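Notes follow once the structure below has been shown.
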Protein chains: 2
Amino acid sequence: MQCLWLDNKQLTIREVPVPHPAPGDALVRVRLAGVCGTDLALCSGYSPFTGILGHEFVGEVMSAPTHTQWEGRRVVGEINVPCHDCPTCAAGRTQHCPQRSVLGIQNHPGVFAELVTLPVANLHEVPEGVSDDQAVFTEPLAAALRITEQVSLTPQDRVLLIGAGRLGQLIAQVLVATGCQVHALAKHTVQRNALRERPVKLLLPEDLPPATPSFDVVVEATGSPGGFAQARRAVRPGGTLVLNSTYPGTTEVDLSSLVVNEITVIGSRCGPFDKALALLAEGKVDPLPFIETTFPLQNAALAIEHARRPAAFKVLIRPPS
Amino acid sequence: MQCLWLDNKQLTIREVPVPHPAPGDALVRVRLAGVCGTDLALCSGYSPFTGILGHEFVGEVMSAPTHTQWEGRRVVGEINVPCHDCPTCAAGRTQHCPQRSVLGIQNHPGVFAELVTLPVANLHEVPEGVSDDQAVFTEPLAAALRITEQVSLTPQDRVLLIGAGRLGQLIAQVLVATGCQVHALAKHTVQRNALRERPVKLLLPEDLPPATPSFDVVVEATGSPGGFAQARRAVRPGGTLVLNSTYPGTTEVDLSSLVVNEITVIGSRCGPFDKALALLAEGKVDPLPFIETTFPLQNAALAIEHARRPAAFKVLIRPPS
């Protein structure tokens with residue numbers, strides 16, 4: 001089968017053998033896949049990964065030898081594959097299993113391919129009313145929803161989103177759905193335009209009062225190192241700073257000022273697929289405006305290049321059906 | 001009156017005029033004061049402060065013109081003096097008032113002096129059964145208790161305390177009182193010995209498994225920049241890192257790993273005086289073993305020097321009575 005293969009920052013379209021599902025696994029035909037900032041970071045060497053890239057997808061179960069009832073279903077899949085055999089898994093924290101593999105990120109072939117195997121336990125059936133174009137956003141939407149599991153947001157809370165790209169736009173819609181007062185700092189015009197029809201107050205960097213940081217919660221989703229300092233300045237004493245960006249390297253942080261100002265910093269990653277699918281089915285989140293373009297799998301390397309352009313929204317990859 | 005005066009890293013014993021209580025203030029005679037890590041940091045230039053140093057004290061109200069019922073009472077005092085007139089104060093977050101002064105730390109004369117003024121609203125009467133030697137620990141004990149307001153601790157939680165000095169020892173006792181499983185990493189023998197009689201498992205740096213960070217909560221109270229990296233390595237994915245140290249300068253932090261591992265970092269500062277006094281009155285926390293020595297006010301500069309020695313516990317300063 002055809003796939004997009006990453007090896008030492010080099011991307012190539014390759015022919016590889018069709019994978020075979022192990023017991024408990026399903027073989028899934030990828031209908032549509034999405035390019036994420038993490039894919040770009042992996043291509044830049046953020047973390048060592050050699051193999052088939054990609055982890056956002058919607059597909060169809062071709063075979064599931066030990067769970068035949070799943071065959072034929074349209075599915076999305078959680079990306080962490082835990083060992084189910086360590087103290088972390090036993091404590092119910094399978095998302096953080098230290099032995100886990102991660103779809104297209106760590107020790108697990110990804111979804112920029114015609115076929116992929118994944119444990120049936122990772123799959124969620126896509127409701128009929130949710131199209132492939134919507135369902136392919138389930139994984140990043142779940143990541144956006146993770147914030148609402150970690151921070152309790154009320155209509156009294158003044159929340160600032162910094163960064164309104166691929167993930168930031170979904171976060172903005174999730175924040176609006178909580179009823180909190182959403183503000184956003186977006187670098188690019190296309191990002192600001194996408195927020196104009198929503199109850200989001202758009203800010204410019206000069207609107208952030210450096211002397212009186214005033215946001216109860218600041219969500220940093222710029223995907224770049226500079227976002228942290230901006231977020232730190234914007235959060236009020238006693239407030240919460242949610243981090244969603246991953247990038248190579250370290251950042252200089254004044255930890256003492258976190259102490260004096262009693263700031264809480266929360267790292268946020270993978271979230272609830274069931275809630276994400278429900279929001280899509282109910283139409284409470286609309287990801288369709290963020291589809292930039294769709295490339296056929298044979299041009300997947302171009303898709304990655306396209307996704308890398310500043311202010312690019314979601315680039316999709318479609319394997320041959 | 002006599003006081004210990006800090007000016008540009010220089011300490012001197014000075015005669016200054018007796019302060020006059022403004023409306024709402026009390027004039028308090030300092031019975032006993034304690035030297036804190038923050039005092040040492042201020043002497044090293046951590047933050048600009050010129051004036052009378054010191055913020056941990058127990059004293060007696062000499063006069064309170066607008067609140068005469070307080071006269072004669074033995075008291076401890078909260079260190080933040082808010083403006084009560086800004087949005088932060090209106091929101092009930094007076095501890096973080098941006099216009100606040102802070103006793104002996106910021107725009108407010110401190111307690112290494114014969115007399116000090118403080119708003120009556122900041123005062124807490126010391127219960128009869130609590131001695132001056134105990135009561136002088138109220139402020140740092142309240143800071144230790146702040147952790148239990150920010151993090152919910154259960155008997156299932158494996159908690160690691162890094163740093164067992166002046167503040168760390170109080171934190172250890174507070175953690176034990178919550179019923180959680182307390183472990184401690186203490187640099188100095190005297191610190192380890194102080195923990196031996198308590199239900200605290202003492203660890204050595206080589207006991208920290210770098211491959212499988214396993215603590216649900218790690219409290220960093222070393223007071224120095226090196227503690228963060230150690231704490232970061234020890235906390236499990238999805239766990240919580242509580243920061244109690246303030247020191248000059250910044251620290252290199254891998255923020256992306258906080259995201260991937262969904263770590264929560266909480267800055268922790270000032271806590272509840274009422275709960276601290278209650279714990280002292282009930283004998284649930286015993287600070288007396290941590291009194292290193294007591295200097296008369298006229299030798300307060302020596303007290304600061306003494307407190308600076310490695311592994312020094314609490315050094316007290318006693319004004320003439």
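FYI, nothing fancy with the structure tokens labels: chains A, B, ... in order, residues from 1 per chain, ligands from 1 as they appear.
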
Subject >> Surrounding residues of stretch 37-51 of chain A excluding itself and chain neighbours under 2 positions, 8 Å, only C-alpha atoms, as a ChimeraX atom specification >> reply: /A:5-11,35,53-54,104-110,166,223,246-248,304,307-308

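Using only C-alpha atoms, the residues found no farther than 8 Å from A:Pro237, other than those of its own chain fewer than 2 positions away, are Pro213, Val235, Gly239, Asn261, Glu262 and Ile263 of chain A; His96 of chain B.
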
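Each of B:Gly179, B:Pro319, B:Pro87, B:Pro127 was checked against chain A using only C-alpha atoms; the smallest atom-to-atom distance is that of B:Pro87.
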
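Nearest residue to chain A among B:Ala135, B:Val30, B:Leu255, B:Leu145 is B:Leu255, counting only C-alpha atoms.
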
**OP:** Return the neighbours of chain A among the residues of chain B, cut-off 8 Å, counting only C-alpha atoms, as a ChimeraX atom specification.
**Re:** /B:96,98,212,237-238,243-269

Store the residues picked out above in a file with C-alpha atoms, as a PDB file, in the first residue's frame.
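Output below, filename again_11.pdb:
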ATOM      1  CA  HIS B  96      -3.025  39.730  44.959  1.00  0.00           C
ATOM      2  CA  PRO B  98      -1.541  45.020  42.521  1.00  0.00           C
ATOM      3  CA  THR B 212       9.565   6.214  35.730  1.00  0.00           C
ATOM      4  CA  PRO B 237       2.582  12.345  33.906  1.00  0.00           C
ATOM      5  CA  GLY B 238      -0.709  13.947  34.832  1.00  0.00           C
ATOM      6  CA  LEU B 243       6.388  25.546  43.666  1.00  0.00           C
ATOM      7  CA  ASN B 244       7.246  27.312  46.921  1.00  0.00           C
ATOM      8  CA  SER B 245      10.698  28.716  46.158  1.00  0.00           C
ATOM      9  CA  THR B 246      11.514  32.286  45.248  1.00  0.00           C
ATOM     10  CA  TYR B 247      14.977  33.266  44.076  1.00  0.00           C
ATOM     11  CA  PRO B 248      16.456  35.707  41.573  1.00  0.00           C
ATOM     12  CA  GLY B 249      16.755  34.785  37.917  1.00  0.00           C
ATOM     13  CA  THR B 250      15.031  32.524  35.419  1.00  0.00           C
ATOM     14  CA  THR B 251      15.049  28.777  34.816  1.00  0.00           C
ATOM     15  CA  GLU B 252      15.165  26.841  31.525  1.00  0.00           C
ATOM     16  CA  VAL B 253      11.934  24.863  31.309  1.00  0.00           C
ATOM     17  CA  ASP B 254      10.883  22.317  28.688  1.00  0.00           C
ATOM     18  CA  LEU B 255       7.314  23.602  28.393  1.00  0.00           C
ATOM     19  CA  SER B 256       6.463  21.102  25.634  1.00  0.00           C
ATOM     20  CA  SER B 257       7.109  18.236  28.027  1.00  0.00           C
ATOM     21  CA  LEU B 258       4.641  19.830  30.458  1.00  0.00           C
ATOM     22  CA  VAL B 259       2.092  19.679  27.623  1.00  0.00           C
ATOM     23  CA  VAL B 260       2.852  16.137  26.463  1.00  0.00           C
ATOM     24  CA  ASN B 261       2.841  14.859  30.053  1.00  0.00           C
ATOM     25  CA  GLU B 262      -0.038  17.083  31.149  1.00  0.00           C
ATOM     26  CA  ILE B 263       1.787  18.345  34.223  1.00  0.00           C
ATOM     27  CA  THR B 264       0.116  20.979  36.393  1.00  0.00           C
ATOM     28  CA  VAL B 265       2.487  23.523  37.958  1.00  0.00           C
ATOM     29  CA  ILE B 266       1.090  25.550  40.860  1.00  0.00           C
ATOM     30  CA  GLY B 267       2.750  28.565  42.419  1.00  0.00           C
ATOM     31  CA  SER B 268       1.986  28.707  46.136  1.00  0.00           C
ATOM     32  CA  ARG B 269       2.555  31.643  48.480  1.00  0.00           C
TER      33      ARG B 269
END

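Residues lying within 10 Å of B:Gly72, counting only C-alpha atoms and ignoring same-chain neighbours fewer than 6 positions away, are Val28, Arg29, Gly59, Glu60, Val61, Met62, Ser63 and Ala64 of chain B.
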
Requested write-out: N, CA and C atoms of the selected residues, as a short mmCIF file (atom, residue, chain, number, x, y, z; two decimals), in the first residue's frame:
data_model
loop_
_atom_site.label_atom_id
_atom_site.label_comp_id
_atom_site.auth_asym_id
_atom_site.auth_seq_id
_atom_site.Cartn_x
_atom_site.Cartn_y
_atom_site.Cartn_z
N VAL B 28 1.70 47.81 67.03
CA VAL B 28 1.99 46.52 67.66
C VAL B 28 3.43 46.52 68.17
N ARG B 29 3.60 46.09 69.42
CA ARG B 29 4.95 45.87 69.94
C ARG B 29 5.37 44.46 69.54
N GLY B 59 3.21 39.65 68.33
CA GLY B 59 3.35 40.90 69.07
C GLY B 59 2.14 41.20 69.94
N GLU B 60 2.14 42.39 70.48
CA GLU B 60 1.05 42.79 71.37
C GLU B 60 0.55 44.16 70.92
N VAL B 61 -0.76 44.29 70.81
CA VAL B 61 -1.32 45.55 70.33
C VAL B 61 -1.20 46.61 71.43
N MET B 62 -0.45 47.67 71.14
CA MET B 62 -0.25 48.75 72.10
C MET B 62 -1.37 49.77 72.00
N SER B 63 -1.75 50.09 70.74
CA SER B 63 -2.88 51.01 70.56
C SER B 63 -3.51 50.74 69.21
N ALA B 64 -4.83 50.94 69.18
CA ALA B 64 -5.59 50.78 67.92
C ALA B 64 -6.73 51.77 68.03
#

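The two atoms in question, atom CA of B:Ile79 and atom CA of B:Leu4, are spaced 17.7 Å apart.
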
Subject >> Residues of stretch 254-289 of chain B in strand (DSSP E or B), written as a PyMOL selection string >> reply: chain B and resi 264-267

Writing out the chosen residues with all heavy atoms as an mmCIF file, in the first residue's frame:
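result_6.cif written:
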data_model
loop_
_atom_site.group_PDB
_atom_site.id
_atom_site.type_symbol
_atom_site.label_atom_id
_atom_site.label_comp_id
_atom_site.auth_asym_id
_atom_site.auth_seq_id
_atom_site.Cartn_x
_atom_site.Cartn_y
_atom_site.Cartn_z
ATOM 1 N N THR B 264 0.639 19.724 35.852
ATOM 2 C CA THR B 264 0.116 20.979 36.393
ATOM 3 C C THR B 264 1.164 21.568 37.339
ATOM 4 O O THR B 264 1.656 20.872 38.222
ATOM 5 C CB THR B 264 -1.204 20.740 37.147
ATOM 6 O OG1 THR B 264 -2.188 20.280 36.222
ATOM 7 C CG2 THR B 264 -1.700 22.019 37.814
ATOM 8 N N VAL B 265 1.515 22.834 37.103
ATOM 9 C CA VAL B 265 2.487 23.523 37.958
ATOM 10 C C VAL B 265 1.732 24.611 38.723
ATOM 11 O O VAL B 265 1.045 25.433 38.111
ATOM 12 C CB VAL B 265 3.609 24.170 37.115
ATOM 13 C CG1 VAL B 265 4.593 24.907 38.004
ATOM 14 C CG2 VAL B 265 4.321 23.114 36.276
ATOM 15 N N ILE B 266 1.848 24.603 40.045
ATOM 16 C CA ILE B 266 1.090 25.550 40.860
ATOM 17 C C ILE B 266 2.041 26.377 41.717
ATOM 18 O O ILE B 266 2.803 25.828 42.513
ATOM 19 C CB ILE B 266 0.090 24.812 41.779
ATOM 20 C CG1 ILE B 266 -0.918 24.017 40.944
ATOM 21 C CG2 ILE B 266 -0.622 25.788 42.708
ATOM 22 C CD1 ILE B 266 -1.950 23.280 41.775
ATOM 23 N N GLY B 267 2.000 27.678 41.540
ATOM 24 C CA GLY B 267 2.750 28.565 42.419
ATOM 25 C C GLY B 267 1.968 28.785 43.703
ATOM 26 O O GLY B 267 0.770 29.039 43.678
#
